[in-house]
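*Asks:* Submitted below is the structure of interest, expressed as C-alpha cells.
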Amino acid sequence: MIYPLLFESNTKHLVWGTEEWAVSAVPGSESIIANGELKGHTLTEYIHHDPVTILGKSVAEKYDGKLPLLVKFIDAKRDLSIQVHPNDEMAQRVHGKMGKSEMWYVLKAEPGAYLYAGFKKNISPEEYKQRVIDGTITEVLARHEVSPGHVFYLPAGRVHAICGGIKLAEVQQSSDVTYRIFDYNRPGLDGKPRELHTELAAQAIDYEVVSEYRTIYSRKENKANLVIDSPYFTARVIETQDVFHRDLIKYDSFVISMCLEGTCNIRIRETGSSIKMKAGESCFIPASVANYDIEPLNGGVKLLDSFINSKKRSLTDVVTRFLHI
C-alpha cells in the first residue's frame with residue numbers, strides 16, 4: 001500500500017475567493033485519497049499505518065508521526081485580510097499547535113495585481129495598533145506587483161496579504177493558525193464582520209524591515225531549481241519537456257508534488273506504480289519510494305516539489321553531537 005497518492009477536491013469558498021487544500025492532514029480539513037487500494041481513506045489514516053515508511057524516519061521522529069506540511073492552491077478574486085502567523089513557540093504556547101511559515105508561488109496575475117509582504121518602513125507596536133484602528137495599516141506595508149513565477153517566502157511574524165487578481169500555489173507548515181489584522185471593514189459570508197486578532201497579532205509580528213522580500217531563484221529548464229530551503233521545508237521547481245528523474249531517498253522525507261502547468265505521469269522506479277497528474281492537482285509520494293520519474297504528456301510540465309530536508313538536519317545533529325563529545 002506504499003504508492004503515490006492523489007486526492008479528492010477539498011475547496012473552501014471564502015469571502016475573497018477560493019482555497020483548495022490540496023494536501024492536508026489538518027484535523028477537520030484532511031485530504032481524502034482518490035486512487036488505489038486506500039481510496040476513500042484520509043491522508044492521516046494512511047500515515048498512521050506506517051509513519052516511518054511514509055513520512056521518513058527522521059520526519060516521523062521530529063514531528064511525532066504527523067505530516068508537517070500543508071499545500072494549497074489559492075484563487076484570490078478580492079483582497080485577503082491583512083494578517084500574520086505566529087512562530088512555533090507562540091503557536092504551541094497559545095494554541096497547542098504548530099507555527100506557520102509559508103511560501104507563495106505566483107501562477108497567474110492580472111495586470112497591475114499586487115500583494116503585501118513585510119513593512120516598507122520602521123514602525124512601533126503602538127503605531128501598528130493605531131493604524132489598525134484608523135484603517136491605515138496598508139500605508140506602511142511593502143506592496144509588490146507580481147508576475148507568474150514570482151516567489152515570496154513568509155516566515156512566521158511577517159505581515160502579509162494576497163490581493164485580488166492573483167492565483168498562486170502555497171506551501172506552509174501544517175497549521176491553521178492565522179491572526180487577522182485588518183479586513184477592510186467588510187462583512188463575511190454570514191453578513192457579520194470577521195473577527196480581528198489585534199492583540200495576538202501584536203505579539204506575533206516581526207517589525208524588521210528587509211531590503212528584498214521577493215525570493216530570487218534560478219529558473220532553468222530540465223533542472224530541479226532550488227526555490228526555498230528553510231528550517232521548515234525545502235521547495236524546488238522543475239520545468240521539463242523530457243523524462244526527468246528525481247531520486248530524493250537521501251532526504252528521508254515524503255515529497256509533495258504540485259502540478260503547476262501541463263500534465264505528467266509520476267512513475268515510481270522501485271514498484272513501477274504510477275499516477276497521472278494535471279495542472280491544479282497534487283500528489284503525495286511516500287519517503288520509502290521517493291525515487292521516481294516525471295514523464296511529461298502532451299508537451300512540457302512544471303512542478304513544485306516540497307519536502308523536509310532531513311539530510312541537512314542529520315548533518316547538523318552529527319556536528320552537534322561531535323561538539324559535545
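By convention in this document, the chains of the C-alpha cells carry letters A, B, ... by their order, each chain's residues are numbered from 1, and ligands are numbered from 1 in the order they are shown.
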Find the residues of region 160-263 of chain A that sit at most 7 Å from region 83-106 of chain A; for each, write down the nearest two atoms and how far apart they are in Å, to one decimal. Count only C-alpha atoms. Sort by chain, then by number going up, and give it as CSV.
*Replies:*
```
residue,atom,partner,partner_atom,distance
A:His160,CA,A:Gln83,CA,5.6
A:Ala161,CA,A:Gln83,CA,6.3
A:Lys167,CA,A:Val106,CA,6.2
A:Leu168,CA,A:Val106,CA,4.3
A:Ala169,CA,A:Tyr105,CA,5.1
A:Glu170,CA,A:Trp104,CA,4.7
A:Val171,CA,A:Met103,CA,5.4
A:Gln172,CA,A:Glu102,CA,4.0
A:Gln173,CA,A:Lys100,CA,5.1
A:Ser174,CA,A:Met98,CA,6.8
A:Ser175,CA,A:Met98,CA,5.6
A:Val177,CA,A:His85,CA,6.5
A:Thr178,CA,A:His85,CA,5.1
A:Tyr179,CA,A:Val84,CA,5.4
A:Arg180,CA,A:Gln83,CA,4.5
A:Ile181,CA,A:Gln83,CA,5.1
A:Ala201,CA,A:Val84,CA,6.4
A:Ala204,CA,A:Pro86,CA,5.1
A:Ile205,CA,A:Val84,CA,6.7
```
*Asks:* May I have the residues from that selection written out with N, CA and C atoms, as an mmCIF file, in the first residue's frame?
*Replies:*
```cif
data_model
loop_
_atom_site.group_PDB
_atom_site.id
_atom_site.type_symbol
_atom_site.label_atom_id
_atom_site.label_comp_id
_atom_site.auth_asym_id
_atom_site.auth_seq_id
_atom_site.Cartn_x
_atom_site.Cartn_y
_atom_site.Cartn_z
ATOM 1 N N HIS A 160 1.355 40.143 5.936
ATOM 2 C CA HIS A 160 1.194 39.890 4.514
ATOM 3 C C HIS A 160 -0.279 39.856 4.116
ATOM 4 N N ALA A 161 -0.515 39.888 2.811
ATOM 5 C CA ALA A 161 -1.859 39.691 2.262
ATOM 6 C C ALA A 161 -1.755 39.467 0.767
ATOM 7 N N LYS A 167 -3.605 34.180 -8.656
ATOM 8 C CA LYS A 167 -3.687 32.760 -8.353
ATOM 9 C C LYS A 167 -2.290 32.294 -7.982
ATOM 10 N N LEU A 168 -2.191 31.494 -6.925
ATOM 11 C CA LEU A 168 -0.870 31.044 -6.508
ATOM 12 C C LEU A 168 -0.922 29.678 -5.842
ATOM 13 N N ALA A 169 0.245 29.061 -5.782
ATOM 14 C CA ALA A 169 0.436 27.819 -5.038
ATOM 15 C C ALA A 169 1.130 28.176 -3.732
ATOM 16 N N GLU A 170 0.673 27.556 -2.646
ATOM 17 C CA GLU A 170 1.212 27.868 -1.324
ATOM 18 C C GLU A 170 1.719 26.589 -0.656
ATOM 19 N N VAL A 171 2.920 26.669 -0.095
ATOM 20 C CA VAL A 171 3.474 25.603 0.740
ATOM 21 C C VAL A 171 3.668 26.191 2.123
ATOM 22 N N GLN A 172 3.208 25.488 3.156
ATOM 23 C CA GLN A 172 3.292 26.039 4.504
ATOM 24 C C GLN A 172 3.438 24.927 5.544
ATOM 25 N N GLN A 173 3.798 25.335 6.740
ATOM 26 C CA GLN A 173 3.723 24.409 7.857
ATOM 27 C C GLN A 173 2.267 23.985 8.048
ATOM 28 N N SER A 174 2.073 22.804 8.579
ATOM 29 C CA SER A 174 0.723 22.263 8.730
ATOM 30 C C SER A 174 0.035 22.908 9.925
ATOM 31 N N SER A 175 -0.533 24.080 9.673
ATOM 32 C CA SER A 175 -1.169 24.851 10.738
ATOM 33 C C SER A 175 -2.305 25.676 10.166
ATOM 34 N N VAL A 177 -3.470 28.331 12.059
ATOM 35 C CA VAL A 177 -3.480 29.487 12.953
ATOM 36 C C VAL A 177 -3.144 30.759 12.173
ATOM 37 N N THR A 178 -4.109 31.657 12.070
ATOM 38 C CA THR A 178 -3.928 32.935 11.384
ATOM 39 C C THR A 178 -4.484 34.050 12.257
ATOM 40 N N TYR A 179 -3.733 35.137 12.380
ATOM 41 C CA TYR A 179 -4.210 36.312 13.104
ATOM 42 C C TYR A 179 -4.603 37.371 12.075
ATOM 43 N N ARG A 180 -5.879 37.700 12.049
ATOM 44 C CA ARG A 180 -6.402 38.689 11.114
ATOM 45 C C ARG A 180 -6.214 40.075 11.721
ATOM 46 N N ILE A 181 -5.510 40.942 11.004
ATOM 47 C CA ILE A 181 -5.178 42.270 11.498
ATOM 48 C C ILE A 181 -6.188 43.317 11.030
ATOM 49 N N ALA A 201 -1.894 39.391 17.254
ATOM 50 C CA ALA A 201 -1.036 39.765 16.130
ATOM 51 C C ALA A 201 0.116 40.647 16.595
ATOM 52 N N ALA A 204 2.834 38.592 17.746
ATOM 53 C CA ALA A 204 3.441 37.721 16.739
ATOM 54 C C ALA A 204 4.276 38.468 15.707
ATOM 55 N N ILE A 205 3.999 39.746 15.494
ATOM 56 C CA ILE A 205 4.608 40.487 14.388
ATOM 57 C C ILE A 205 6.111 40.672 14.561
#
```
*Asks:* What parts of region 39-220 of chain A does DSSP call strand (DSSP E)? I'd like the answer as a PyMOL selection string.
*Replies:* chain A and resi 69-76+82-84+102-109+114-119+141-145+151-154+160-162+166-173+179-182+214-215
*Asks:* Would you please give, as a PyMOL selection string, all residues of region 101-276 of chain A that DSSP assigns to alpha helix (DSSP H) based on the backbone?
*Replies:* chain A and resi 125-134+198-204
*Asks:* Which one is closest to Gly262 (chain A): A:Thr240, A:Thr198, A:Thr215, A:Ser58? Count only C-alpha atoms.
*Replies:*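 When distances to Gly262 (chain A) are compared using only C-alpha atoms, the smallest one comes from A:Thr240.
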*Asks:* Report, in Å with one decimal, the straight-line distance from CA of Ala76 (chain A) to CA of Gly164 (chain A).
*Replies:*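 Atom-to-atom, CA of Ala76 (chain A) and CA of Gly164 (chain A) are spaced 5.0 Å apart.
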*Asks:* With only C-alpha atoms as the atoms that count, which of A:Leu115, A:Cys163, A:Cys264, A:Leu70 lies nearest to Phe307 (chain A)?
*Replies:*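 The shortest atom-to-atom distance to Phe307 (chain A) comes from A:Leu70.
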*Asks:* Set the distance at 12 Å and use only C-alpha atoms: which residues neighbour region 134-136 of chain A once local chain neighbours fewer than 6 positions away are removed? I'd like the list as a PyMOL selection string.
*Replies:* chain A and resi 82+127-128+181-185
*Asks:* Those residues with C-alpha atoms, as a CSV table (one decimal), in the first residue's frame please?
*Replies:*
```
chain,number,residue,atom,x,y,z
A,82,ILE,CA,-4.0,41.8,6.3
A,127,GLU,CA,1.8,52.8,15.7
A,128,TYR,CA,0.7,49.4,14.5
A,181,ILE,CA,-5.2,42.3,11.5
A,182,PHE,CA,-7.4,44.3,9.2
A,183,ASP,CA,-10.3,43.2,6.9
A,184,TYR,CA,-11.3,46.4,5.1
A,185,ASN,CA,-14.4,46.7,7.4
```
